[in-house]
Each structure stands twice: as structure tokens, then as C-alpha cells.
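Structure file final37.tsv with TSV, C-alpha atoms and all ligand atoms:
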chain	number	residue	atom	x	y	z
A	40	MET	CA	0.00	0.00	0.00
A	41	HIS	CA	1.27	3.49	-0.90
A	42	GLU	CA	0.28	6.13	1.65
A	43	VAL	CA	-0.62	9.52	0.16
A	44	LEU	CA	-1.33	12.87	1.89
A	45	ASP	CA	-2.43	12.68	5.54
A	46	HIS	CA	-5.04	9.88	5.39
A	47	GLY	CA	-5.06	8.64	1.80
A	48	TYR	CA	-3.58	5.70	-0.03
A	49	VAL	CA	-3.30	3.83	-3.31
A	50	LYS	CA	-3.39	0.05	-3.20
A	51	LEU	CA	-3.05	-2.29	-6.16
A	52	ILE	CA	-5.84	-4.88	-5.91
A	53	THR	CA	-5.30	-6.83	-9.14
A	54	HIS	CA	-3.14	-6.62	-12.23
A	55	SER	CA	-3.24	-8.72	-15.37
A	56	GLY	CA	-1.38	-8.60	-18.66
A	57	GLY	CA	1.97	-6.89	-18.34
A	58	ASP	CA	4.75	-6.13	-20.83
A	59	LEU	CA	4.24	-9.47	-22.57
A	60	SER	CA	0.64	-8.63	-23.43
A	61	VAL	CA	1.87	-5.55	-25.33
A	62	VAL	CA	4.30	-7.60	-27.43
A	63	ASP	CA	1.93	-10.50	-28.08
A	64	SER	CA	-1.02	-8.36	-29.05
A	65	ALA	CA	1.17	-6.34	-31.44
A	66	ARG	CA	2.69	-9.44	-33.06
A	67	ILE	CA	-0.68	-10.94	-33.90
A	68	SER	CA	-0.61	-8.54	-36.87
A	69	TYR	CA	1.94	-10.98	-38.33
A	70	ASN	CA	0.31	-14.05	-36.80
A	71	ALA	CA	3.53	-14.37	-34.82
A	72	HIS	CA	2.29	-14.08	-31.28
A	73	ALA	CA	3.59	-16.61	-28.82
A	74	GLN	CA	3.25	-16.93	-25.05
A	75	ARG	CA	6.71	-16.90	-23.46
A	76	ASP	CA	8.12	-16.56	-20.00
A	77	GLY	CA	10.37	-13.55	-20.55
A	78	LEU	CA	11.05	-10.69	-22.91
A	79	SER	CA	13.84	-10.67	-25.48
A	80	ASP	CA	15.76	-7.55	-26.56
A	81	ALA	CA	13.64	-7.57	-29.72
A	82	ASP	CA	10.47	-7.55	-27.57
A	83	ILE	CA	11.73	-4.58	-25.58
A	84	GLY	CA	12.63	-2.81	-28.82
A	85	LEU	CA	9.13	-3.46	-30.13
A	86	ILE	CA	7.54	-1.90	-27.02
A	87	ASN	CA	9.68	1.19	-27.57
A	88	TYR	CA	8.77	1.29	-31.27
A	89	LEU	CA	5.05	1.09	-30.49
A	90	MET	CA	5.33	3.86	-27.89
A	91	LYS	CA	7.42	6.11	-30.11
A	92	HIS	CA	5.04	5.80	-33.08
A	93	ARG	CA	1.95	5.95	-30.86
A	94	HIS	CA	0.52	2.56	-31.79
A	95	GLY	CA	-1.70	2.64	-28.75
A	96	THR	CA	-3.99	-0.39	-28.87
A	97	PRO	CA	-1.40	-3.04	-27.86
A	98	PHE	CA	-1.18	-1.18	-24.53
A	99	GLU	CA	-4.85	-1.90	-23.81
A	100	HIS	CA	-4.60	-5.69	-23.22
A	101	ASN	CA	-3.84	-5.45	-19.53
A	102	MET	CA	-5.64	-4.23	-16.48
A	103	PHE	CA	-4.94	-2.54	-13.17
A	104	THR	CA	-7.51	-2.32	-10.37
A	105	PHE	CA	-6.63	0.11	-7.59
A	106	LEU	CA	-8.32	0.90	-4.30
A	107	VAL	CA	-7.86	4.63	-3.67
A	108	LYS	CA	-8.66	6.81	-0.69
A	109	ALA	CA	-8.50	10.51	-1.54
A	110	PRO	CA	-10.20	13.82	-0.74
A	111	ILE	CA	-13.33	14.56	-2.78
A	112	PHE	CA	-11.67	17.53	-4.53
A	113	VAL	CA	-8.99	15.15	-5.82
A	114	PHE	CA	-11.65	12.73	-7.07
A	115	ARG	CA	-13.41	15.65	-8.76
A	116	GLU	CA	-10.35	16.04	-11.00
A	117	TRP	CA	-9.64	12.31	-11.20
A	118	HIS	CA	-13.11	11.40	-12.46
A	119	ARG	CA	-12.68	13.61	-15.52
A	120	HIS	CA	-10.60	10.74	-16.90
A	121	ARG	CA	-13.37	8.86	-18.69
A	122	ILE	CA	-11.45	5.82	-19.93
A	123	ALA	CA	-11.70	3.92	-16.65
A	124	SER	CA	-14.19	2.02	-14.53
A	125	ILE	CA	-15.14	3.58	-11.20
A	126	ASN	CA	-17.10	2.56	-8.14
A	127	GLU	CA	-17.09	4.99	-5.23
A	128	MET	CA	-18.25	4.91	-1.63
A	129	SER	CA	-21.73	6.38	-1.30
A	130	GLY	CA	-22.55	9.12	1.19
A	131	ARG	CA	-26.22	8.13	0.72
A	132	TYR	CA	-25.75	4.59	1.96
A	133	THR	CA	-22.94	4.80	4.46
A	134	GLU	CA	-21.96	7.06	7.33
A	135	LEU	CA	-18.77	8.85	6.38
A	136	GLY	CA	-15.76	8.74	8.68
A	137	GLU	CA	-14.08	11.74	10.24
A	138	ASP	CA	-11.16	11.94	7.80
A	139	PHE	CA	-10.47	15.21	6.08
A	140	TYR	CA	-7.34	16.49	4.38
A	141	ILE	CA	-5.38	19.15	6.24
A	142	PRO	CA	-2.17	19.96	4.32
A	143	TYR	CA	1.02	19.57	6.33
A	144	HIS	CA	2.76	22.90	7.06
A	145	PRO	CA	5.30	22.70	4.20
A	146	ASP	CA	2.51	21.85	1.75
A	147	VAL	CA	0.51	25.01	2.47
A	148	ARG	CA	1.37	27.23	-0.47
A	149	VAL	CA	0.67	30.69	-1.78
A	150	ARG	CA	0.22	31.66	-5.41
A	151	VAL	CA	2.74	34.02	-6.92
A	152	GLY	CA	2.75	35.79	-10.28
A	153	LYS	CA	0.37	36.90	-12.99
A	154	PRO	CA	-2.61	35.13	-14.57
A	155	GLY	CA	-1.36	32.51	-16.98
A	156	ALA	CA	2.10	32.43	-15.38
A	157	TYR	CA	1.47	31.47	-11.79
A	158	THR	CA	4.02	29.76	-9.62
A	159	TYR	CA	3.64	28.52	-6.07
A	160	ALA	CA	5.75	29.08	-2.99
A	161	PRO	CA	5.54	27.75	0.57
A	162	ALA	CA	3.44	29.95	2.85
A	163	SER	CA	5.17	31.49	5.85
A	164	ILE	CA	4.92	29.41	9.01
A	165	GLN	CA	2.46	31.84	10.61
A	166	VAL	CA	0.20	31.94	7.55
A	167	ALA	CA	0.33	28.14	7.32
A	168	ILE	CA	-0.54	27.68	11.00
A	169	THR	CA	-3.50	30.06	10.74
A	170	TYR	CA	-4.76	28.38	7.57
A	171	ARG	CA	-4.50	24.89	9.09
A	172	ASP	CA	-6.20	25.93	12.34
A	173	ARG	CA	-9.12	27.58	10.55
A	174	LEU	CA	-9.51	24.70	8.12
A	175	ARG	CA	-9.49	22.12	10.90
A	176	TRP	CA	-12.04	24.13	12.87
A	177	CYS	CA	-14.40	24.34	9.87
A	178	CYS	CA	-14.07	20.60	9.16
A	179	GLU	CA	-14.65	19.59	12.80
A	180	GLU	CA	-17.64	21.93	13.02
A	181	GLY	CA	-19.05	20.59	9.76
A	182	TYR	CA	-18.57	17.00	10.87
A	183	ALA	CA	-20.29	17.66	14.20
A	184	ARG	CA	-23.28	19.20	12.36
A	185	TYR	CA	-23.32	16.20	9.99
A	186	LYS	CA	-23.51	13.80	12.94
A	187	GLU	CA	-26.28	15.89	14.55
A	188	ALA	CA	-28.27	15.85	11.32
A	189	LEU	CA	-27.96	12.07	11.11
A	190	HIS	CA	-29.05	11.86	14.74
A	191	ASP	CA	-32.13	13.94	13.79
A	192	ASP	CA	-32.90	11.39	11.04
A	193	ILE	CA	-32.08	13.82	8.26
A	194	ALA	CA	-31.47	11.75	5.11
A	195	PRO	CA	-27.73	11.01	4.79
A	196	GLU	CA	-27.71	12.53	1.28
A	197	LEU	CA	-28.71	15.87	2.89
A	198	ALA	CA	-26.77	15.47	6.13
A	199	ARG	CA	-23.55	15.27	4.12
A	200	LEU	CA	-24.04	18.82	2.84
A	201	PHE	CA	-22.32	19.95	6.04
A	202	LEU	CA	-19.10	18.28	4.87
A	203	HIS	CA	-16.35	19.79	2.75
A	204	VAL	CA	-14.56	18.96	-0.48
A	205	ASN	CA	-11.48	17.89	1.50
A	206	HIS	CA	-13.46	15.01	3.06
A	207	TYR	CA	-11.98	11.63	2.19
A	208	SER	CA	-13.78	9.15	-0.02
A	209	GLU	CA	-12.81	5.77	-1.46
A	210	MET	CA	-13.11	4.21	-4.88
A	211	TYR	CA	-12.16	1.23	-6.99
A	212	TRP	CA	-10.47	2.44	-10.18
A	213	THR	CA	-9.77	0.09	-13.07
A	214	VAL	CA	-7.73	1.13	-16.10
A	215	ASN	CA	-5.51	-0.31	-18.78
A	216	SER	CA	-1.96	0.95	-19.23
A	217	ARG	CA	-2.81	3.22	-22.17
A	218	SER	CA	-5.33	5.15	-20.11
A	219	LEU	CA	-3.06	5.04	-17.06
A	220	MET	CA	-0.24	6.63	-19.07
A	221	ASN	CA	-2.63	9.37	-20.20
A	222	PHE	CA	-3.48	10.00	-16.53
A	223	LEU	CA	0.20	10.04	-15.51
A	224	SER	CA	1.15	12.31	-18.40
A	225	LEU	CA	-1.40	14.90	-17.28
A	226	ARG	CA	-1.49	14.45	-13.52
A	227	ASN	CA	2.10	13.63	-12.61
A	228	HIS	CA	3.14	16.89	-14.16
A	229	PRO	CA	4.21	20.26	-12.72
A	230	THR	CA	1.03	21.96	-13.97
A	231	ALA	CA	-1.27	19.49	-12.17
A	232	GLN	CA	-2.55	20.32	-8.69
A	233	TRP	CA	0.05	19.12	-6.20
A	234	GLU	CA	-2.35	16.87	-4.29
A	235	ILE	CA	-3.48	14.80	-7.30
A	236	ALA	CA	0.14	14.66	-8.44
A	237	GLN	CA	0.99	12.84	-5.19
A	238	TYR	CA	-1.53	10.13	-6.13
A	239	ALA	CA	-0.23	10.04	-9.70
A	240	GLN	CA	3.29	9.46	-8.35
A	241	ALA	CA	2.07	6.50	-6.29
A	242	LEU	CA	0.32	5.07	-9.38
A	243	GLU	CA	3.47	5.64	-11.40
A	244	ASP	CA	5.57	3.69	-8.88
A	245	ILE	CA	3.16	0.75	-9.11
A	246	PHE	CA	3.05	0.97	-12.91
A	247	LYS	CA	6.85	0.83	-13.02
A	248	GLU	CA	6.87	-2.27	-10.79
A	249	GLN	CA	4.30	-4.12	-12.89
A	250	MET	CA	5.18	-3.07	-16.47
A	251	PHE	CA	8.83	-2.08	-16.28
A	252	HIS	CA	9.61	-1.98	-20.03
A	253	THR	CA	6.39	-0.20	-20.96
A	254	TYR	CA	7.08	2.31	-18.21
A	255	ASN	CA	10.63	2.91	-19.50
A	256	ALA	CA	9.37	3.40	-23.05
A	257	PHE	CA	6.77	5.89	-21.75
A	258	VAL	CA	9.46	7.93	-19.98
A	259	ASP	CA	12.02	7.66	-22.81
A	260	ASN	CA	9.48	8.92	-25.35
A	261	GLY	CA	8.51	12.08	-23.53
A	262	ARG	CA	5.78	10.79	-21.19
A	263	VAL	CA	3.14	10.98	-23.93
A	264	ALA	CA	0.44	8.30	-23.83
A	265	PRO	CA	0.53	6.30	-27.08
A	301	LIG	C1	-3.61	20.73	-15.40
A	301	LIG	C2	-5.04	20.46	-15.79
A	301	LIG	C3	-5.96	21.49	-15.74
A	301	LIG	C4	-7.29	21.24	-16.10
A	301	LIG	N1	-8.19	22.26	-16.03
A	301	LIG	C5	-9.47	22.05	-16.40
A	301	LIG	C6	-10.44	23.09	-16.36
A	301	LIG	O1	-10.14	24.22	-16.01
A	301	LIG	N2	-11.73	22.81	-16.71
A	301	LIG	C7	-12.11	21.56	-17.13
A	301	LIG	O2	-13.28	21.36	-17.46
A	301	LIG	N3	-11.21	20.55	-17.18
A	301	LIG	C8	-9.93	20.76	-16.82
A	301	LIG	N4	-9.03	19.71	-16.87
A	301	LIG	C9	-9.51	18.37	-17.24
A	301	LIG	C10	-9.15	18.02	-18.70
A	301	LIG	O3	-9.78	18.88	-19.61
A	301	LIG	C11	-9.57	16.56	-19.00
A	301	LIG	O4	-10.96	16.44	-18.86
A	301	LIG	C12	-8.89	15.55	-18.11
A	301	LIG	O5	-7.51	15.83	-17.99
A	301	LIG	C13	-9.09	14.14	-18.67
A	301	LIG	O6	-8.24	13.98	-19.78
A	301	LIG	P1	-8.62	13.06	-21.00
A	301	LIG	O7	-9.89	13.53	-21.67
A	301	LIG	O8	-7.40	12.99	-21.88
A	301	LIG	O9	-8.84	11.64	-20.30
A	301	LIG	P2	-9.90	10.50	-20.62
A	301	LIG	O10	-11.28	11.01	-20.48
A	301	LIG	O11	-9.51	9.30	-19.82
A	301	LIG	O12	-9.69	10.22	-22.16
A	301	LIG	C14	-8.49	9.56	-22.62
A	301	LIG	C15	-8.35	9.85	-24.09
A	301	LIG	O13	-9.44	9.22	-24.80
A	301	LIG	C16	-9.84	10.05	-25.88
A	301	LIG	N5	-11.23	10.46	-25.64
A	301	LIG	C17	-11.96	10.26	-24.51
A	301	LIG	N6	-13.21	10.73	-24.67
A	301	LIG	C18	-13.25	11.27	-25.91
A	301	LIG	C19	-14.25	11.94	-26.64
A	301	LIG	N7	-15.46	12.20	-26.15
A	301	LIG	N8	-13.95	12.35	-27.88
A	301	LIG	C20	-12.74	12.14	-28.42
A	301	LIG	N9	-11.73	11.53	-27.78
A	301	LIG	C21	-11.98	11.10	-26.54
A	301	LIG	C22	-8.89	11.23	-25.91
A	301	LIG	O14	-7.80	10.92	-26.76
A	301	LIG	C23	-8.42	11.32	-24.47
A	301	LIG	O15	-7.16	11.95	-24.33
A	301	LIG	C24	-7.70	19.94	-16.52
A	301	LIG	C25	-6.74	18.92	-16.58
A	301	LIG	C26	-5.44	19.16	-16.21
A	301	LIG	C27	-4.43	18.02	-16.26

What's the C-alpha cells form of this structure?
Ligand SMILES: Cc1cc2nc3c(=O)[nH]c(=O)nc-3n(C[C@H](O)[C@H](O)[C@H](O)COP(=O)(O)OP(=O)(O)OC[C@H]3O[C@@H](n4cnc5c(N)ncnc54)[C@H](O)[C@@H]3O)c2cc1C
Amino acid sequence: MHEVLDHGYVKLITHSGGDLSVVDSARISYNAHAQRDGLSDADIGLINYLMKHRHGTPFEHNMFTFLVKAPIFVFREWHRHRIASINEMSGRYTELGEDFYIPYHPDVRVRVGKPGAYTYAPASIQVAITYRDRLRWCCEEGYARYKEALHDDIAPELARLFLHVNHYSEMYWTVNSRSLMNFLSLRNHPTAQWEIAQYAQALEDIFKEQMFHTYNAFVDNGRVAP
């Protein structure tokens, strides 16, 4: 399990396919596919060729299923990636736990610069402390009101309106490597919001472990999804 932010994580549940599925599915064009135990240099070269020339479909014959716990505002960005299967915890059917994201001091940042050319810098300690204290107070207040509403038999789907977008949720997320590389290309990138980039980095570490040669070809060819 890869821990992310203060209460989140990414956990690989299942993986099928792998580098060999890329090679075999590509070689069926020549009726030359064959199940083998390992990859030859020619196989690795083929993976690189496919990536470089953006022959994307051979990268679809594999599957990753992840269990992810992340703040709702991270999922809001994540769920824009349509080429995936998603099932998420329901605030209508379950009582939500008291987990909300409070950035650690060094991760509290201020925006610097002009529109279109923003950069970010760490907030001063005093500004960060004030921000964290106020945010925690709002979240604890909101959660207390949520619990009261549930106690008053308010429907959970309305009780949850007291909660905030930094409240943690959980989902199953299933993708193939082509879609995963598209996600990593966009979200493990300096222009992505820092919080979702932390999740993308965890996914990238798992991707590298499971599909080493595909991962290397992705990086060597400019981190562009094929
Ligand atoms: C830094 C950043 C800032 C962003 N800011 C905004 C913003 O301000 N507002 C906003 O609304 N969104 C914003 N987004 C979200 C962005 O527009 C995409 O919705 C999101 O990144 C998903 O990318 P995707 O469509 O490539 O992924 P997926 O939906 O997973 O699609 C993968 C690929 O499949 C193909 N595809 C999927 N669906 C279609 C389709 N209908 N037609 C044709 N091809 C398709 C495309 O090739 C696509 O790249 C931002 C994203 C990033 C990374």
C-alpha cells in the first residue's frame, strides 16, 4: 500500500497482462504471437517502437484495479478521466468517517505571479498555521453538524451537505496501461494540482513495478500516452 497525503492511499488490488501482453497483441498482426516466460531484446525494442510511433492499442490488453482513498476535490479532477471504470463509496448509503485532508505545514502554499504564469511558494509558518487551524475548525464543526443531522434522522444525502470537499472518499479504479499513461502524463506533471500529483506518483511507482519496459518506453518517449 502506498500512503498519500495525511489519510489517503493507493493500493493495487489486481493486475493482469503486463509487458508481454503488449508484445503478443502487437505481433498478432503478423500471426507471430507466442506466449513466453520472458522478454527478449527484440520484444523490448518493439515496445519502444510502439510507444514512439503511438501505436496505442497493444497497450490496452492489460488491467490494473486500484483501491484509492483521496479527498473529494482530488476525485473531482480524477473522475474527468473517462477511460476507466469507477465505483465509489456512497454518502447516501454509508456514514462517512471523520477523515479530512489538512495539508502539512510545508505543503501550504501561496500563489505568486500573474494570470497565466502562476508559480507557487511555501506559505510562511504563521500563515500556514492560521490556515491549518481555521480549516481544521471548519471541518470539525461541519462533521459535528453532519452527525447531529444524522441523529435527527435527516437523510444522509442531505446530512452530508455539512461536509467539505477535502473530506476523504474511497473508490475502486480500473484502467488499462494506455489510459493510465494518459493519466500520468497529465497528472504527474508540474502543472497538475500538487495533491493529485501525489496520487499520480504512487500510481506511477506501481506501474513501473508491474510493467517495467512499458514504463521505461513511456518515460524515454517524452511521457506521452501512445
Ligand atoms: C492541469 C489540468 C488542468 C485542467 N483544467 C481544467 C479546467 O479548467 N476545466 C475543465 O473542465 N477541465 C480541466 N481539466 C480536465 C481536462 O480537460 C480533461 O478532462 C482531463 O484531464 C481528462 O483527460 P482526457 O480527456 O485525456 O482523459 P480520458 O477522459 O480518460 O480520455 C483519454 C483519451 O481518450 C480520448 N477520448 C476520450 N473521450 C473522448 C471523446 N469524447 N472524444 C474524443 N476523444 C476522446 C482522448 O484521446 C483522451 O485523451 C484539466 C486537466 C489538467 C491536467

Could you produce a table of the residues of region 110-179 of chain A lying within 8 Å of region 224-246 of chain A, with the nearest pair of atoms per residue and their separation in Å rounded to one decimal, using only C-alpha atoms, ordered by chain and increasing residue number, as JSON lines?
{"residue": "A:Val113", "atom": "CA", "partner": "A:Ile235", "partner_atom": "CA", "distance": 5.7}
{"residue": "A:Glu116", "atom": "CA", "partner": "A:Ile235", "partner_atom": "CA", "distance": 7.9}
{"residue": "A:Trp117", "atom": "CA", "partner": "A:Ile235", "partner_atom": "CA", "distance": 7.7}

Could you make a table, as JSON lines, of the residues of region 119-195 of chain A that have an atom within 8 Å of an atom of region 41-56 of chain A, each with its nearest atom pair and distance in Å to one decimal, counting only C-alpha atoms, in chain and number order?
{"residue": "A:Asp138", "atom": "CA", "partner": "A:His46", "partner_atom": "CA", "distance": 6.9}
{"residue": "A:Phe139", "atom": "CA", "partner": "A:His46", "partner_atom": "CA", "distance": 7.6}
{"residue": "A:Tyr140", "atom": "CA", "partner": "A:Asp45", "partner_atom": "CA", "distance": 6.3}
{"residue": "A:Ile141", "atom": "CA", "partner": "A:Asp45", "partner_atom": "CA", "distance": 7.1}
{"residue": "A:Pro142", "atom": "CA", "partner": "A:Asp45", "partner_atom": "CA", "distance": 7.4}
{"residue": "A:Tyr143", "atom": "CA", "partner": "A:Asp45", "partner_atom": "CA", "distance": 7.7}

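Using only C-alpha atoms, the residues found no farther than 8 Å from Ser60 (chain A), other than those of its own chain fewer than 2 positions away, are Gly56, Gly57, Asp58, Val62, Asp63, Ser64, Pro97, Phe98, His100 and Asn101 of chain A.
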
Would you mind listing what lies within 12 Å of Val151 (chain A) as a ChimeraX atom specification, with only C-alpha atoms counted and same-chain residues fewer than 4 positions away left out? /A:155-162

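Nearest to Arg148 (chain A) of all the residues A:Arg131, A:Arg171, A:His252, A:Arg66 is A:Arg171, based on all atoms listed in the file.
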
Students should find that CA of Gln249 (chain A) and CA of His120 (chain A) are spaced 21.4 Å

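When all atoms listed in the file are used to measure the gap to ligand LIG 301 (chain A), the shortest distance among A:Lys91, A:Lys108, A:Arg217, A:Arg121 belongs to A:Arg121.
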